[in-house]
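Asks: One file: entry19.cif (mmCIF, C-alpha atoms).
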```cif
data_query
loop_
_atom_site.group_PDB
_atom_site.id
_atom_site.type_symbol
_atom_site.label_atom_id
_atom_site.label_comp_id
_atom_site.auth_asym_id
_atom_site.auth_seq_id
_atom_site.Cartn_x
_atom_site.Cartn_y
_atom_site.Cartn_z
ATOM 1 C CA MET A 1 52.384 132.844 120.968
ATOM 2 C CA ALA A 2 54.064 136.003 122.227
ATOM 3 C CA ALA A 3 57.054 136.880 120.088
ATOM 4 C CA ILE A 4 60.337 138.487 121.094
ATOM 5 C CA ASP A 5 60.353 141.799 119.230
ATOM 6 C CA ASP A 6 63.829 142.735 120.452
ATOM 7 C CA ASP A 7 66.337 141.512 122.981
ATOM 8 C CA ALA A 8 65.357 143.759 125.856
ATOM 9 C CA ILE A 9 64.062 143.426 129.407
ATOM 10 C CA ASP A 10 61.647 145.958 130.848
ATOM 11 C CA LEU A 11 62.588 146.322 134.511
ATOM 12 C CA HIS A 12 60.162 148.084 136.865
ATOM 13 C CA PHE A 13 61.649 148.846 140.293
ATOM 14 C CA ILE A 14 58.729 148.558 142.741
ATOM 15 C CA GLY A 15 60.766 149.125 145.899
ATOM 16 C CA ASN A 16 63.083 147.419 148.392
ATOM 17 C CA ALA A 17 64.197 144.283 146.464
ATOM 18 C CA THR A 18 60.962 143.942 144.477
ATOM 19 C CA VAL A 19 61.492 144.162 140.727
ATOM 20 C CA LEU A 20 59.060 143.313 137.908
ATOM 21 C CA LEU A 21 60.801 141.907 134.815
ATOM 22 C CA ARG A 22 59.285 141.433 131.350
ATOM 23 C CA TYR A 23 60.986 139.787 128.408
ATOM 24 C CA GLY A 24 58.921 138.820 125.376
ATOM 25 C CA GLY A 25 55.851 137.147 126.832
ATOM 26 C CA LEU A 26 57.550 136.287 130.128
ATOM 27 C CA THR A 27 56.875 138.171 133.372
ATOM 28 C CA LEU A 28 58.850 137.550 136.578
ATOM 29 C CA LEU A 29 58.669 139.161 140.006
ATOM 30 C CA THR A 30 61.503 139.214 142.544
ATOM 31 C CA ASP A 31 61.207 139.291 146.347
ATOM 32 C CA PRO A 32 57.600 140.508 146.633
ATOM 33 C CA ASN A 33 57.288 143.165 149.338
ATOM 34 C CA PHE A 34 54.162 145.333 149.279
ATOM 35 C CA LEU A 35 53.938 146.651 152.837
ATOM 36 C CA HIS A 36 53.106 150.346 153.078
ATOM 37 C CA ARG A 37 54.884 153.144 154.912
ATOM 38 C CA GLY A 38 54.536 152.671 158.664
ATOM 39 C CA GLU A 39 53.803 148.935 158.484
ATOM 40 C CA HIS A 40 56.208 146.456 160.030
ATOM 41 C CA ALA A 41 58.048 143.558 158.420
ATOM 42 C CA HIS A 42 58.679 140.507 160.585
ATOM 43 C CA LEU A 43 62.313 139.375 160.566
ATOM 44 C CA GLY A 44 61.943 136.458 162.968
ATOM 45 C CA TYR A 45 62.620 135.907 166.688
ATOM 46 C CA GLY A 46 60.432 138.875 167.569
ATOM 47 C CA LEU A 47 62.434 141.302 165.419
ATOM 48 C CA MET A 48 60.499 143.776 163.321
ATOM 49 C CA SER A 49 61.411 146.683 161.071
ATOM 50 C CA ARG A 50 59.180 149.604 160.065
ATOM 51 C CA ARG A 51 58.817 150.474 156.402
ATOM 52 C CA LEU A 52 59.790 154.044 155.536
ATOM 53 C CA THR A 53 58.620 154.152 151.900
ATOM 54 C CA GLU A 54 55.647 153.302 149.700
ATOM 55 C CA PRO A 55 55.840 150.528 147.084
ATOM 56 C CA ALA A 56 55.288 151.660 143.504
ATOM 57 C CA LEU A 57 52.583 148.990 143.000
ATOM 58 C CA ASP A 58 50.144 146.964 145.056
ATOM 59 C CA PRO A 59 49.651 143.238 144.360
ATOM 60 C CA GLY A 60 46.327 143.894 142.608
ATOM 61 C CA GLN A 61 48.131 145.998 140.003
ATOM 62 C CA LEU A 62 50.507 143.234 138.961
ATOM 63 C CA PRO A 63 50.217 141.568 135.552
ATOM 64 C CA ARG A 64 49.965 137.791 135.198
ATOM 65 C CA LEU A 65 53.161 136.268 136.566
ATOM 66 C CA ASP A 66 55.070 133.338 135.106
ATOM 67 C CA ALA A 67 57.222 132.967 138.224
ATOM 68 C CA VAL A 68 58.431 134.610 141.412
ATOM 69 C CA VAL A 69 62.143 134.528 142.264
ATOM 70 C CA LEU A 70 62.515 134.731 146.048
ATOM 71 C CA SER A 71 65.961 135.057 147.627
ATOM 72 C CA HIS A 72 64.852 133.992 151.113
ATOM 73 C CA LEU A 73 61.966 134.000 153.555
ATOM 74 C CA HIS A 74 62.143 137.282 155.464
ATOM 75 C CA GLY A 75 59.287 139.731 155.954
ATOM 76 C CA ASP A 76 60.857 142.465 153.826
ATOM 77 C CA HIS A 77 61.098 140.053 150.870
ATOM 78 C CA TRP A 78 57.934 138.004 151.308
ATOM 79 C CA ASP A 79 55.317 139.809 153.375
ATOM 80 C CA ARG A 80 51.732 139.231 154.447
ATOM 81 C CA ARG A 81 50.370 141.141 151.432
ATOM 82 C CA ALA A 82 52.242 138.833 149.077
ATOM 83 C CA ARG A 83 51.024 135.835 151.029
ATOM 84 C CA GLN A 84 47.413 137.002 150.921
ATOM 85 C CA HIS A 85 47.150 138.354 147.384
ATOM 86 C CA LEU A 86 49.497 136.453 145.073
ATOM 87 C CA ASP A 87 48.041 133.567 143.097
ATOM 88 C CA ARG A 88 48.835 130.373 144.979
ATOM 89 C CA SER A 89 49.370 128.554 141.684
ATOM 90 C CA VAL A 90 52.270 130.789 140.597
ATOM 91 C CA PRO A 91 55.664 129.004 140.525
ATOM 92 C CA ILE A 92 58.098 130.296 143.147
ATOM 93 C CA VAL A 93 61.838 129.682 142.756
ATOM 94 C CA THR A 94 63.614 129.944 146.085
ATOM 95 C CA THR A 95 65.773 128.083 148.599
ATOM 96 C CA PRO A 96 64.733 124.574 149.708
ATOM 97 C CA HIS A 97 64.136 126.016 153.204
ATOM 98 C CA ALA A 98 61.706 128.658 151.947
ATOM 99 C CA ALA A 99 60.018 126.323 149.452
ATOM 100 C CA ARG A 100 59.081 123.808 152.151
ATOM 101 C CA ARG A 101 57.471 126.488 154.277
ATOM 102 C CA LEU A 102 55.644 128.098 151.376
ATOM 103 C CA ARG A 103 54.161 124.740 150.306
ATOM 104 C CA THR A 104 53.270 123.314 153.704
ATOM 105 C CA TRP A 105 52.308 126.429 155.693
ATOM 106 C CA GLN A 106 51.046 128.874 153.089
ATOM 107 C CA GLY A 107 49.601 126.750 150.293
ATOM 108 C CA PHE A 108 51.883 127.856 147.449
ATOM 109 C CA ARG A 109 51.999 124.376 145.998
ATOM 110 C CA ARG A 110 54.357 125.231 143.124
ATOM 111 C CA ALA A 111 57.116 126.627 145.318
ATOM 112 C CA GLY A 112 60.337 124.829 144.397
ATOM 113 C CA GLY A 113 63.730 124.935 146.065
ATOM 114 C CA LEU A 114 67.042 125.123 144.215
ATOM 115 C CA ARG A 115 70.372 124.283 145.776
ATOM 116 C CA THR A 116 73.385 126.353 144.812
ATOM 117 C CA TRP A 117 74.160 126.050 141.050
ATOM 118 C CA GLU A 118 70.919 124.166 140.324
ATOM 119 C CA THR A 119 68.693 125.542 137.546
ATOM 120 C CA CYS A 120 65.112 125.606 136.329
ATOM 121 C CA THR A 121 63.533 127.016 133.167
ATOM 122 C CA PHE A 122 60.315 128.892 132.339
ATOM 123 C CA GLN A 123 58.875 129.521 128.886
ATOM 124 C CA ARG A 124 56.112 131.687 127.485
ATOM 125 C CA GLY A 125 55.542 132.154 123.776
ATOM 126 C CA ASP A 126 58.913 132.377 122.049
ATOM 127 C CA ALA A 127 60.712 133.484 125.233
ATOM 128 C CA GLN A 128 62.611 131.498 127.828
ATOM 129 C CA VAL A 129 64.396 132.260 131.084
ATOM 130 C CA ARG A 130 66.768 129.930 132.905
ATOM 131 C CA VAL A 131 67.120 130.609 136.632
ATOM 132 C CA THR A 132 70.270 129.441 138.434
ATOM 133 C CA SER A 133 70.644 129.532 142.206
ATOM 134 C CA LEU A 134 73.873 131.243 143.271
ATOM 135 C CA PRO A 135 75.873 131.494 146.516
ATOM 136 C CA GLY A 136 74.714 133.889 149.197
ATOM 137 C CA ARG A 137 75.198 134.266 152.953
ATOM 138 C CA HIS A 138 73.093 136.455 155.212
ATOM 139 C CA SER A 139 75.834 136.296 157.841
ATOM 140 C CA LEU A 140 79.423 135.105 158.013
ATOM 141 C CA GLN A 141 79.157 134.275 161.714
ATOM 142 C CA PRO A 142 78.327 130.601 162.389
ATOM 143 C CA VAL A 143 75.891 131.336 165.242
ATOM 144 C CA LEU A 144 73.893 133.866 163.250
ATOM 145 C CA ARG A 145 73.842 131.585 160.213
ATOM 146 C CA LEU A 146 71.899 129.098 162.333
ATOM 147 C CA LEU A 147 69.328 131.770 163.237
ATOM 148 C CA LEU A 148 68.882 133.453 159.851
ATOM 149 C CA PRO A 149 67.141 131.780 156.897
ATOM 150 C CA PRO A 150 69.301 130.484 154.032
ATOM 151 C CA VAL A 151 69.567 132.926 151.148
ATOM 152 C CA MET A 152 70.361 132.585 147.469
ATOM 153 C CA GLY A 153 71.408 134.848 144.665
ATOM 154 C CA SER A 154 70.072 134.234 141.159
ATOM 155 C CA MET A 155 71.281 134.394 137.582
ATOM 156 C CA LEU A 156 68.453 134.953 135.102
ATOM 157 C CA GLU A 157 69.372 134.070 131.516
ATOM 158 C CA PHE A 158 66.856 135.291 128.939
ATOM 159 C CA GLY A 159 66.537 134.286 125.314
ATOM 160 C CA PRO A 160 64.464 132.369 122.778
ATOM 161 C CA ARG A 161 63.111 128.883 123.396
ATOM 162 C CA ASP A 162 66.017 127.280 121.538
ATOM 163 C CA GLY A 163 68.180 127.997 124.594
ATOM 164 C CA ALA A 164 70.370 130.786 123.213
ATOM 165 C CA VAL A 165 71.252 133.318 125.917
ATOM 166 C CA ARG A 166 70.657 136.916 124.857
ATOM 167 C CA LEU A 167 70.649 138.668 128.244
ATOM 168 C CA ARG A 168 72.016 137.838 131.690
ATOM 169 C CA LEU A 169 70.759 139.497 134.862
ATOM 170 C CA TYR A 170 72.368 138.801 138.249
ATOM 171 C CA ILE A 171 70.428 139.316 141.509
ATOM 172 C CA SER A 172 72.604 139.204 144.614
ATOM 173 C CA GLY A 173 69.963 138.408 147.225
ATOM 174 C CA ASP A 174 70.619 139.463 150.823
ATOM 175 C CA THR A 175 74.250 138.429 150.991
ATOM 176 C CA LEU A 176 77.432 139.748 152.482
ATOM 177 C CA LEU A 177 80.654 139.868 150.492
ATOM 178 C CA PHE A 178 82.600 136.587 150.708
ATOM 179 C CA ASP A 179 85.045 134.762 148.479
ATOM 180 C CA ASP A 180 82.595 132.206 147.016
ATOM 181 C CA LEU A 181 80.833 135.004 145.142
ATOM 182 C CA GLU A 182 83.813 135.302 142.807
ATOM 183 C CA GLU A 183 82.910 131.947 141.236
ATOM 184 C CA ILE A 184 79.749 133.580 139.870
ATOM 185 C CA ALA A 185 81.773 135.667 137.424
ATOM 186 C CA LEU A 186 83.802 132.603 136.400
ATOM 187 C CA ARG A 187 80.674 130.630 135.544
ATOM 188 C CA PHE A 188 78.703 133.577 134.174
ATOM 189 C CA PRO A 189 81.086 136.147 132.707
ATOM 190 C CA GLY A 190 79.895 139.392 131.185
ATOM 191 C CA ALA A 191 76.369 139.641 132.592
ATOM 192 C CA ASP A 192 74.384 142.645 131.364
ATOM 193 C CA LEU A 193 73.131 143.839 134.760
ATOM 194 C CA ALA A 194 73.913 143.209 138.426
ATOM 195 C CA VAL A 195 71.054 143.991 140.837
ATOM 196 C CA LEU A 196 72.705 144.413 144.235
ATOM 197 C CA HIS A 197 70.917 144.213 147.593
ATOM 198 C CA LEU A 198 72.562 146.824 149.806
ATOM 199 C CA GLY A 199 71.540 148.797 152.904
ATOM 200 C CA GLY A 200 73.986 147.456 155.469
ATOM 201 C CA THR A 201 71.058 145.847 157.326
ATOM 202 C CA THR A 202 71.993 145.923 161.016
ATOM 203 C CA LEU A 203 70.342 143.778 163.683
ATOM 204 C CA PRO A 204 70.361 144.423 167.440
ATOM 205 C CA GLY A 205 73.863 143.887 168.755
ATOM 206 C CA GLY A 206 75.372 145.560 165.709
ATOM 207 C CA PHE A 207 75.292 142.484 163.471
ATOM 208 C CA VAL A 208 75.404 143.497 159.781
ATOM 209 C CA VAL A 209 73.603 141.002 157.527
ATOM 210 C CA THR A 210 73.506 142.655 154.076
ATOM 211 C CA MET A 211 76.171 144.458 152.085
ATOM 212 C CA ASP A 212 76.861 148.080 152.939
ATOM 213 C CA GLY A 213 77.937 150.539 150.266
ATOM 214 C CA ALA A 214 81.606 149.570 150.371
ATOM 215 C CA GLN A 215 80.914 145.824 150.136
ATOM 216 C CA GLY A 216 78.438 146.318 147.299
ATOM 217 C CA ALA A 217 80.887 148.391 145.276
ATOM 218 C CA GLU A 218 83.652 145.858 145.851
ATOM 219 C CA LEU A 219 81.399 143.020 144.693
ATOM 220 C CA ALA A 220 80.548 145.024 141.570
ATOM 221 C CA ARG A 221 84.274 145.477 140.911
ATOM 222 C CA ARG A 222 84.989 141.755 141.332
ATOM 223 C CA LEU A 223 82.113 140.626 139.120
ATOM 224 C CA ASP A 224 82.944 143.222 136.450
ATOM 225 C CA TYR A 225 79.416 143.160 135.020
ATOM 226 C CA ARG A 226 78.375 145.727 132.437
ATOM 227 C CA ASN A 227 75.782 147.620 134.471
ATOM 228 C CA ILE A 228 74.922 147.911 138.162
ATOM 229 C CA LEU A 229 71.532 148.624 139.742
ATOM 230 C CA PRO A 230 71.458 149.212 143.527
ATOM 231 C CA VAL A 231 68.284 148.213 145.403
ATOM 232 C CA HIS A 232 67.337 147.473 149.032
ATOM 233 C CA TYR A 233 68.870 150.564 150.653
ATOM 234 C CA ASP A 234 66.318 152.984 152.162
ATOM 235 C CA ASP A 235 63.022 151.192 152.702
ATOM 236 C CA TYR A 236 63.357 149.961 156.306
ATOM 237 C CA THR A 237 64.630 151.182 159.657
ATOM 238 C CA VAL A 238 67.182 148.333 159.871
ATOM 239 C CA PHE A 239 69.083 149.757 156.881
ATOM 240 C CA ARG A 240 72.126 151.704 158.049
ATOM 241 C CA SER A 241 74.135 152.299 154.858
ATOM 242 C CA PRO A 242 72.421 154.848 152.577
ATOM 243 C CA LEU A 243 72.606 154.787 148.799
ATOM 244 C CA ASP A 244 75.203 157.569 148.779
ATOM 245 C CA ASP A 245 77.674 155.249 150.542
ATOM 246 C CA PHE A 246 77.501 152.909 147.575
ATOM 247 C CA LEU A 247 77.535 155.628 144.926
ATOM 248 C CA ASP A 248 80.588 157.310 146.465
ATOM 249 C CA GLU A 249 82.530 154.060 146.695
ATOM 250 C CA ALA A 250 81.508 152.968 143.183
ATOM 251 C CA ARG A 251 82.817 156.273 141.828
ATOM 252 C CA ARG A 252 86.059 155.836 143.765
ATOM 253 C CA LEU A 253 86.508 152.439 142.106
ATOM 254 C CA GLY A 254 85.856 153.901 138.660
ATOM 255 C CA LEU A 255 82.455 152.250 138.245
ATOM 256 C CA GLN A 256 80.389 155.405 137.810
ATOM 257 C CA GLU A 257 79.731 154.793 134.107
ATOM 258 C CA ARG A 258 78.137 151.429 134.949
ATOM 259 C CA LEU A 259 75.643 152.740 137.504
ATOM 260 C CA VAL A 260 71.944 152.568 136.586
ATOM 261 C CA HIS A 261 70.039 155.330 138.377
ATOM 262 C CA CYS A 262 66.594 153.703 138.406
ATOM 263 C CA ARG A 263 64.692 154.879 141.463
ATOM 264 C CA ARG A 264 61.566 153.390 143.008
ATOM 265 C CA GLY A 265 58.668 153.510 140.533
ATOM 266 C CA GLN A 266 60.874 153.946 137.476
ATOM 267 C CA HIS A 267 61.445 151.609 134.535
ATOM 268 C CA ALA A 268 64.741 150.639 132.949
ATOM 269 C CA ARG A 269 65.049 149.040 129.522
ATOM 270 C CA VAL A 270 67.934 146.587 129.700
ATOM 271 C CA VAL A 271 69.451 145.483 126.400
ATOM 272 C CA GLY A 272 72.324 143.179 125.567
ATOM 273 C CA HIS A 273 75.562 143.728 123.681
ATOM 274 C CA GLY A 274 76.949 146.127 126.281
ATOM 275 C CA GLU A 275 74.451 148.923 125.604
ATOM 276 C CA ARG A 276 73.463 151.212 128.458
ATOM 277 C CA PRO A 277 69.998 150.739 129.998
ATOM 278 C CA MET A 278 67.461 153.470 129.321
ATOM 279 C CA VAL A 279 65.675 154.742 132.439
ATOM 280 C CA GLY A 280 62.308 156.445 132.461
#
```
Starting from the file, lay out its structure as structure tokens.
Replies:
Amino acid sequence: MAAIDDDAIDLHFIGNATVLLRYGGLTLLTDPNFLHRGEHAHLGYGLMSRRLTEPALDPGQLPRLDAVVLSHLHGDHWDRRARQHLDRSVPIVTTPHAARRLRTWQGFRRAGGLRTWETCTFQRGDAQVRVTSLPGRHSLQPVLRLLLPPVMGSMLEFGPRDGAVRLRLYISGDTLLFDDLEEIALRFPGADLAVLHLGGTTLPGGFVVTMDGAQGAELARRLDYRNILPVHYDDYTVFRSPLDDFLDEARRLGLQERLVHCRRGQHARVVGHGERPMVG
């Protein structure tokens, strides 16, 4: 059995919202997106967006996965390379909407949907992670909410198999800022890292469907988590709010000491007890 040598997560930022997480013997992957520069992600209803960057890894370079955590079913979070190359027996934690489509249309038979605040648990060796589905909204406009897929945030709670929580990692998913997100901090105070999906994704007609820099910084202020990692900000042509928007606003709010500057391809070692992540 794989033992937990220390309470630390190795986080490898692959690009866009794709992050590889290792804790003890556990390995998780978030929002798998492996398209290459110049390829197009399908966003539904004939909408496409061209990728501007290269992912740090291809699917064939991934280690064995214990689970995939998928915020929603859009082509920049679950693309054709993921569909073709990921093991169809890997568990996928996602929304009920995405889980049904992954099982029935794509053959990922262990895709499971969580409703908001529902949980599931994975174990490997001495390590355990509990995944909780959290509120998220791709749009605040009722008409667009009917057209866009449901989205979830996630709280990942890592620790030994006895259920003790040693590390908490929040993943926002593709959400806008809205009042229900404040309940996350009430239920899960003091998380060690917030991974925020930014970019100010803008659809034709000027509809913004992910947090821009100002919204992301304000969410970080409201949650008051120990460290903040921005992702999902420069990989596609639909992104309109660059990383500097977020960094400038975070500094204005006095959050600069919490920022984790882990760029695409880099690793960050996330530890508990309020210590700063080490990036390399």
Asks: Got a sec: who's within 9 Å of region 31-36 of chain A, counting only C-alpha atoms, leaving out chain neighbours fewer than 3 positions off, as a PyMOL selection string?
Replies: chain A and resi 14-19+39-41+51-59+68-73+75-82+173
Asks: Residue by residue, what does the PyMOL selection byres ((chain A and resi 114) around 12) grab here? Present the result as a PyMOL selection string.
Replies: chain A and resi 69-72+92-100+111-113+115-121+131-135+150-154
Asks: Put those residues in a file: C-alpha atoms, as a PDB file, in the coordinates of the input.
Replies:
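selection.pdb written:
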```pdb
ATOM      1  CA  VAL A  69      62.143 134.528 142.264  1.00  0.00           C
ATOM      2  CA  LEU A  70      62.515 134.731 146.048  1.00  0.00           C
ATOM      3  CA  SER A  71      65.961 135.057 147.627  1.00  0.00           C
ATOM      4  CA  HIS A  72      64.852 133.992 151.113  1.00  0.00           C
ATOM      5  CA  ILE A  92      58.098 130.296 143.147  1.00  0.00           C
ATOM      6  CA  VAL A  93      61.838 129.682 142.756  1.00  0.00           C
ATOM      7  CA  THR A  94      63.614 129.944 146.085  1.00  0.00           C
ATOM      8  CA  THR A  95      65.773 128.083 148.599  1.00  0.00           C
ATOM      9  CA  PRO A  96      64.733 124.574 149.708  1.00  0.00           C
ATOM     10  CA  HIS A  97      64.136 126.016 153.204  1.00  0.00           C
ATOM     11  CA  ALA A  98      61.706 128.658 151.947  1.00  0.00           C
ATOM     12  CA  ALA A  99      60.018 126.323 149.452  1.00  0.00           C
ATOM     13  CA  ARG A 100      59.081 123.808 152.151  1.00  0.00           C
ATOM     14  CA  ALA A 111      57.116 126.627 145.318  1.00  0.00           C
ATOM     15  CA  GLY A 112      60.337 124.829 144.397  1.00  0.00           C
ATOM     16  CA  GLY A 113      63.730 124.935 146.065  1.00  0.00           C
ATOM     17  CA  ARG A 115      70.372 124.283 145.776  1.00  0.00           C
ATOM     18  CA  THR A 116      73.385 126.353 144.812  1.00  0.00           C
ATOM     19  CA  TRP A 117      74.160 126.050 141.050  1.00  0.00           C
ATOM     20  CA  GLU A 118      70.919 124.166 140.324  1.00  0.00           C
ATOM     21  CA  THR A 119      68.693 125.542 137.546  1.00  0.00           C
ATOM     22  CA  CYS A 120      65.112 125.606 136.329  1.00  0.00           C
ATOM     23  CA  THR A 121      63.533 127.016 133.167  1.00  0.00           C
ATOM     24  CA  VAL A 131      67.120 130.609 136.632  1.00  0.00           C
ATOM     25  CA  THR A 132      70.270 129.441 138.434  1.00  0.00           C
ATOM     26  CA  SER A 133      70.644 129.532 142.206  1.00  0.00           C
ATOM     27  CA  LEU A 134      73.873 131.243 143.271  1.00  0.00           C
ATOM     28  CA  PRO A 135      75.873 131.494 146.516  1.00  0.00           C
ATOM     29  CA  PRO A 150      69.301 130.484 154.032  1.00  0.00           C
ATOM     30  CA  VAL A 151      69.567 132.926 151.148  1.00  0.00           C
ATOM     31  CA  MET A 152      70.361 132.585 147.469  1.00  0.00           C
ATOM     32  CA  GLY A 153      71.408 134.848 144.665  1.00  0.00           C
ATOM     33  CA  SER A 154      70.072 134.234 141.159  1.00  0.00           C
TER      34      SER A 154
END
```
Asks: A:Met155, A:Val231, A:Ala67, A:Ala220: which is nearest Cys262 (chain A), counting only C-alpha atoms?
Replies: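 Ranked by minimum distance to Cys262 (chain A), first place goes to A:Val231.
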Asks: What's the separation between CA of Phe108 (chain A) and CA of Asp87 (chain A), in Å to one decimal place?
Replies: 8.1 Å
Asks: Edge lengths and centre in Å to one decimal, as AutoDock Vina command-line options, of the axis-aligned box that encloses all listed atoms of region 61-68 of chain A with 4 Å added on every side?
Replies:
```
--center_x 53.3 --center_y 139.5 --center_z 138.3 --size_x 18.3 --size_y 21.0 --size_z 14.3
```
Asks: With distances taken over all atoms listed in the file, which residue among A:Leu193, A:Thr202, A:Arg222, A:Val209 lies nearest Asp179 (chain A)?
Replies: A:Arg222
Asks: Which neighbours of Glu249 (chain A) fall inside 9 Å, counting only C-alpha atoms, when residues of the same chain fewer than 2 positions from it are skipped, and could you give them as a VMD selection string?
Replies: chain A and resid 213 to 214 216 to 218 244 to 247 251 to 255
